[in-house]
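Okay, target00.cif is below, mmCIF, C-alpha atoms:
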```cif
data_entry
#
loop_
_atom_site.label_atom_id
_atom_site.label_comp_id
_atom_site.auth_asym_id
_atom_site.auth_seq_id
_atom_site.Cartn_x
_atom_site.Cartn_y
_atom_site.Cartn_z
CA MET J 27 -0.98 -66.38 113.64
CA CYS J 28 1.02 -67.77 110.74
CA ILE J 29 4.53 -66.75 109.75
CA THR J 30 6.70 -67.22 106.67
CA PRO J 31 9.76 -69.49 106.64
CA GLN J 32 11.96 -66.40 106.27
CA GLN J 33 10.45 -64.85 109.39
CA MET J 34 11.07 -68.10 111.26
CA ARG J 35 14.71 -68.12 110.16
CA GLU J 36 15.10 -64.54 111.39
CA MET J 37 13.54 -65.44 114.74
CA ASP J 38 15.94 -68.39 115.05
CA ARG J 39 18.89 -66.17 114.12
CA PHE J 40 17.94 -63.44 116.61
CA THR J 41 17.56 -65.99 119.42
CA ILE J 42 20.93 -67.55 118.63
CA GLU J 43 22.98 -64.45 117.85
CA LYS J 44 21.42 -61.79 120.09
CA LEU J 45 20.25 -63.83 123.05
CA GLY J 46 23.11 -66.34 123.02
CA VAL J 47 20.92 -69.44 122.91
CA PRO J 48 22.95 -72.22 121.20
CA SER J 49 21.28 -73.62 118.10
CA ILE J 50 21.78 -77.16 119.40
CA LEU J 51 19.68 -76.21 122.45
CA LEU J 52 16.83 -75.10 120.19
CA MET J 53 17.16 -78.47 118.44
CA GLU J 54 16.91 -80.28 121.78
CA ASN J 55 13.85 -78.20 122.65
CA ALA J 56 12.28 -79.14 119.31
CA LYS J 57 13.00 -82.81 120.02
CA ASN J 58 11.40 -82.61 123.44
CA ALA J 59 8.35 -80.84 122.03
CA PHE J 60 7.93 -83.41 119.26
CA MET J 61 8.31 -86.35 121.63
CA LYS J 62 5.24 -85.28 123.60
CA HIS J 63 3.16 -86.42 120.61
CA VAL J 64 4.90 -89.70 119.79
CA ALA J 65 2.78 -92.66 120.83
CA SER J 66 3.95 -96.23 121.37
CA HIS J 67 4.41 -98.20 118.13
CA ARG J 68 5.95 -101.53 117.16
CA HIS J 69 8.71 -100.12 114.93
CA TYR J 70 9.88 -96.61 114.07
CA LEU J 71 11.48 -95.39 110.86
CA VAL J 72 12.98 -91.91 111.10
CA LEU J 73 13.86 -90.41 107.72
CA CYS J 74 16.40 -87.60 107.94
CA GLY J 75 17.84 -85.17 105.46
CA THR J 76 21.20 -83.57 106.25
CA GLY J 77 19.96 -80.09 107.20
CA ASN J 78 18.68 -78.92 110.56
CA ASN J 79 15.29 -80.56 109.95
CA GLY J 80 17.21 -83.81 109.67
CA GLY J 81 19.12 -82.88 112.81
CA ASP J 82 15.79 -82.61 114.64
CA GLY J 83 14.95 -86.07 113.32
CA LEU J 84 18.24 -87.52 114.58
CA ALA J 85 17.61 -86.06 118.04
CA ILE J 86 14.11 -87.58 118.02
CA ALA J 87 15.56 -90.95 116.98
CA ARG J 88 18.08 -90.75 119.83
CA GLU J 89 15.31 -90.14 122.34
CA LEU J 90 13.35 -93.11 121.00
CA ILE J 91 16.42 -95.35 121.23
CA LEU J 92 17.12 -94.25 124.80
CA ASN J 93 13.53 -95.20 125.57
CA HIS J 94 14.22 -98.72 124.27
CA LYS J 95 12.23 -98.41 121.04
CA ASP J 96 12.98 -100.33 117.85
CA VAL J 97 14.30 -97.60 115.55
CA ILE J 98 15.72 -97.52 112.04
CA ILE J 99 17.25 -94.23 110.92
CA GLY J 100 17.26 -93.62 107.17
CA ILE J 101 19.64 -90.91 105.96
CA LEU J 102 18.89 -89.12 102.69
CA GLY J 103 22.08 -87.44 101.52
CA ASP J 104 25.74 -87.36 102.55
CA PRO J 105 26.11 -87.04 106.35
CA GLN J 106 29.55 -85.47 105.91
CA ARG J 107 27.89 -82.52 104.16
CA GLY J 108 25.32 -81.97 106.89
CA THR J 109 24.90 -78.92 109.08
CA GLU J 110 26.96 -78.72 112.25
CA ASP J 111 24.00 -79.57 114.48
CA PHE J 112 23.13 -82.49 112.21
CA LYS J 113 26.71 -83.79 112.55
CA ILE J 114 26.62 -83.53 116.35
CA ASN J 115 23.52 -85.69 116.57
CA TYR J 116 24.80 -88.06 113.88
CA ARG J 117 28.04 -88.67 115.82
CA ILE J 118 26.07 -89.38 119.00
CA LEU J 119 23.93 -91.95 117.18
CA LYS J 120 27.02 -93.61 115.70
CA ASN J 121 28.48 -93.84 119.21
CA LEU J 122 25.20 -95.38 120.40
CA ARG J 123 25.55 -97.96 117.59
CA ALA J 124 22.16 -96.95 116.26
CA ASN J 125 20.70 -98.76 113.26
CA ILE J 126 21.50 -96.19 110.55
CA VAL J 127 20.86 -97.01 106.89
CA ASP J 128 21.22 -95.28 103.56
CA ALA J 129 17.58 -94.51 102.75
CA PHE J 130 18.29 -94.52 99.03
CA HIS J 131 19.37 -98.18 99.17
CA TYR J 132 17.11 -99.43 101.95
CA ASP J 133 14.64 -101.93 100.53
CA GLU J 134 12.26 -102.81 103.36
CA TYR J 135 9.85 -99.88 103.42
CA GLU J 136 6.92 -102.19 102.74
CA LYS J 137 7.37 -103.92 106.10
CA PHE J 138 6.09 -100.84 107.96
CA ASP J 139 2.42 -101.36 108.66
CA ILE J 140 -0.46 -100.03 110.72
CA ASP J 141 1.31 -100.73 114.03
CA ASP J 142 4.41 -98.78 113.02
CA CYS J 143 5.40 -95.12 112.79
CA ILE J 144 7.35 -93.26 110.11
CA ILE J 145 8.78 -89.86 111.08
CA ASP J 146 9.62 -87.42 108.30
CA ALA J 147 12.55 -85.05 108.90
CA VAL J 148 13.88 -84.84 105.35
CA PHE J 149 13.19 -81.29 104.15
CA GLY J 150 12.25 -78.30 106.26
CA THR J 151 10.51 -75.04 105.44
CA GLY J 152 13.34 -73.81 103.22
CA LEU J 153 12.59 -76.16 100.32
CA GLU J 154 12.50 -74.20 97.04
CA ARG J 155 13.01 -76.89 94.39
CA GLU J 156 10.89 -79.78 93.21
CA ILE J 157 11.69 -83.13 94.78
CA ALA J 158 12.98 -85.56 92.18
CA GLY J 159 15.14 -88.65 91.74
CA GLU J 160 15.95 -90.84 94.73
CA TYR J 161 14.36 -88.42 97.19
CA ARG J 162 11.07 -88.64 95.34
CA ARG J 163 11.27 -92.42 95.14
CA VAL J 164 11.75 -92.77 98.91
CA ILE J 165 8.84 -90.45 99.75
CA GLU J 166 6.55 -92.22 97.28
CA ARG J 167 7.42 -95.60 98.79
CA VAL J 168 6.77 -94.59 102.39
CA ASN J 169 3.53 -92.89 101.35
CA GLN J 170 2.28 -96.29 100.15
CA THR J 171 2.66 -97.86 103.59
CA LYS J 172 -0.08 -98.02 106.20
CA ALA J 173 2.20 -96.77 108.97
CA TYR J 174 1.25 -93.77 111.09
CA LYS J 175 3.09 -90.81 109.59
CA MET J 176 4.47 -87.80 111.46
CA SER J 177 6.32 -84.77 110.09
CA VAL J 178 8.83 -82.57 111.87
CA ASP J 179 7.84 -78.89 111.39
CA ILE J 180 6.40 -79.36 107.87
CA PRO J 181 5.77 -82.35 105.57
CA SER J 182 8.72 -82.79 103.24
CA GLY J 183 7.77 -81.49 99.81
CA ILE J 184 5.33 -78.81 100.99
CA HIS J 185 6.46 -75.26 100.24
CA GLY J 186 6.71 -73.44 103.54
CA GLU J 187 5.04 -70.26 102.32
CA SER J 188 2.71 -71.17 99.44
CA GLY J 189 1.68 -74.63 100.64
CA GLU J 190 2.19 -76.01 97.14
CA THR J 191 3.48 -79.54 96.62
CA MET J 192 6.98 -79.45 95.19
CA GLY J 193 6.73 -82.52 92.96
CA VAL J 194 5.77 -84.91 95.77
CA SER J 195 5.15 -84.56 99.49
CA PHE J 196 5.16 -86.76 102.55
CA ASP J 197 1.59 -87.82 103.36
CA ALA J 198 1.60 -86.89 107.05
CA ASP J 199 -1.17 -87.77 109.49
CA ILE J 200 0.13 -85.16 111.92
CA VAL J 201 2.63 -82.32 111.81
CA ILE J 202 4.38 -80.91 114.86
CA THR J 203 5.50 -77.44 113.86
CA PHE J 204 7.69 -75.19 115.97
CA HIS J 205 7.18 -71.74 117.49
CA ARG J 206 4.49 -70.53 115.08
CA LYS J 207 2.43 -72.19 112.36
CA LYS J 208 3.94 -71.67 108.91
CA LEU J 209 1.82 -70.18 106.13
CA GLY J 210 2.21 -73.26 103.93
CA LEU J 211 0.59 -75.49 106.54
CA GLN J 212 -2.80 -73.87 106.00
CA LYS J 213 -3.38 -75.89 102.83
CA ILE J 214 -2.59 -79.40 104.05
CA ASP J 215 -5.07 -81.99 105.34
CA ALA J 216 -2.95 -83.27 108.23
CA GLN J 217 -3.50 -82.32 111.84
CA VAL J 218 -1.10 -79.50 112.78
CA ILE J 219 0.08 -78.87 116.34
CA THR J 220 2.28 -75.90 117.20
CA GLU J 221 4.85 -76.31 119.97
CA HIS J 222 7.12 -73.76 121.60
CA ILE J 223 10.90 -74.34 121.51
CA GLY J 224 12.20 -71.46 123.63
CA ILE J 225 11.98 -68.43 121.35
CA PRO J 226 10.58 -65.55 123.41
CA ASP J 227 7.46 -63.74 122.28
CA PHE J 228 9.30 -60.41 122.20
CA VAL J 229 11.61 -61.82 119.53
CA THR J 230 8.57 -62.68 117.43
CA ASP J 231 7.28 -59.12 117.87
CA ILE J 232 10.61 -57.60 116.86
CA ILE J 233 10.82 -59.63 113.64
CA LEU J 234 7.19 -59.10 112.69
CA ASP J 235 7.52 -55.34 113.24
CA GLN J 236 10.43 -55.04 110.81
#
```

Using the file provided, produce a representation of the structure as structure tokens.
Amino acid sequence: MCITPQQMREMDRFTIEKLGVPSILLMENAKNAFMKHVASHRHYLVLCGTGNNGGDGLAIARELILNHKDVIIGILGDPQRGTEDFKINYRILKNLRANIVDAFHYDEYEKFDIDDCIIDAVFGTGLEREIAGEYRRVIERVNQTKAYKMSVDIPSGIHGESGETMGVSFDADIVITFHRKKLGLQKIDAQVITEHIGIPDFVTDIILDQ
């Protein structure tokens, strides 16, 4: 069963507001679910926007670091303007002295090769505008590498409902999507795996029956 991004947002909101599950706990659950599919690689590059998709990416990067992996975290956007859950994970990584770079000015994308992994957590399912400028340049550069490419919930640049490419999209080998498969994922070529993050089935039923 596929759902729309709006339905997913309503399921998140119900779980947080009605059931009292903190949003940061859902983010941790998403991180744990994603990590089940991360294999061992030489280097990892985790690209993060400043929304909650980026917050998922930061949590994933933290887990990789705590497992003694070689991780570079590329931030696309101003961290000070991030969501609250993004900021929580960003502060933790700063305290861990993680290798955080400005993705717009990072100039070593070409070093990531077949033994490496690039994780995309830039844009989530709420993307409604075409990707342009520095964001587009970064995605185009990482797409040219031979690294294994993973996306968090949806490849950045894919419209969550229509599946259309919004200017450019991350060329994922695999997508780990959360709770239910999104409609837009039906059109992509990548492998898609759906993982649960702690939203009860009855919440799904309530939202879908509205």

Spatial neighbours of region 48-61 of chain J, max dist 9 Å, only C-alpha atoms, sep filter under 5 positions, as a ChimeraX atom specification: /J:38-39,41-43,78-79,81-86,89-90,110-111,114,178,202-204,221-225

Now that the selection is made, can you save its residues with C-alpha atoms as a CSV table (one decimal), keeping the file's coordinate frame?
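Generated output (again_0.csv):
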```
chain,number,residue,atom,x,y,z
J,38,ASP,CA,15.9,-68.4,115.0
J,39,ARG,CA,18.9,-66.2,114.1
J,41,THR,CA,17.6,-66.0,119.4
J,42,ILE,CA,20.9,-67.6,118.6
J,43,GLU,CA,23.0,-64.4,117.8
J,78,ASN,CA,18.7,-78.9,110.6
J,79,ASN,CA,15.3,-80.6,110.0
J,81,GLY,CA,19.1,-82.9,112.8
J,82,ASP,CA,15.8,-82.6,114.6
J,83,GLY,CA,15.0,-86.1,113.3
J,84,LEU,CA,18.2,-87.5,114.6
J,85,ALA,CA,17.6,-86.1,118.0
J,86,ILE,CA,14.1,-87.6,118.0
J,89,GLU,CA,15.3,-90.1,122.3
J,90,LEU,CA,13.4,-93.1,121.0
J,110,GLU,CA,27.0,-78.7,112.2
J,111,ASP,CA,24.0,-79.6,114.5
J,114,ILE,CA,26.6,-83.5,116.4
J,178,VAL,CA,8.8,-82.6,111.9
J,202,ILE,CA,4.4,-80.9,114.9
J,203,THR,CA,5.5,-77.4,113.9
J,204,PHE,CA,7.7,-75.2,116.0
J,221,GLU,CA,4.8,-76.3,120.0
J,222,HIS,CA,7.1,-73.8,121.6
J,223,ILE,CA,10.9,-74.3,121.5
J,224,GLY,CA,12.2,-71.5,123.6
J,225,ILE,CA,12.0,-68.4,121.4
```

Shell around Val194 (chain J) at 7 Å using only C-alpha atoms, local window under 2 positions removed, as an NGL selection string: :J and (157 or 162 or 183 or 191-192)

Selection result of the PyMOL selection byres ((chain J and resi 96) around 8) on this file, as a PyMOL selection string: chain J and resi 68-70+90-91+94-95+97-98

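What separates CA of Gly152 (chain J) from CA of Asp227 (chain J) is a distance of 22.3 Å.
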
Point-to-point distance from CA of Ala147 (chain J) to CA of Ile29 (chain J), Å rounded to tenths: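 Between CA of Ala147 (chain J) and CA of Ile29 (chain J) the gap is 20.0 Å.
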
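Applied to this file, the PyMOL selection byres ((chain J and resi 160) around 10) selects the residues Leu102, Gly103, Ala129, Phe130, His131, Ile157, Ala158, Gly159, Tyr161, Arg162, Arg163, Val164, Ile165 and Glu166 of chain J.
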
Proximity to Leu73 (chain J) - best of J:Ile126, J:Ile118, J:Val218, J:Ile101, only C-alpha atoms: J:Ile101

Contact residues around Glu134 (chain J) with all atoms listed in the file at 12 Å, ignoring same-chain residues under 5 positions, as a PyMOL selection string: chain J and resi 71+98+100+127-129+139+164+167-168+171

Nearest to Ala65 (chain J), chosen from J:Phe196, J:Cys143, J:Ile180, J:His205, with only C-alpha atoms counted in the distances: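 That would be J:Cys143, the residue with the smallest distance to Ala65 (chain J).
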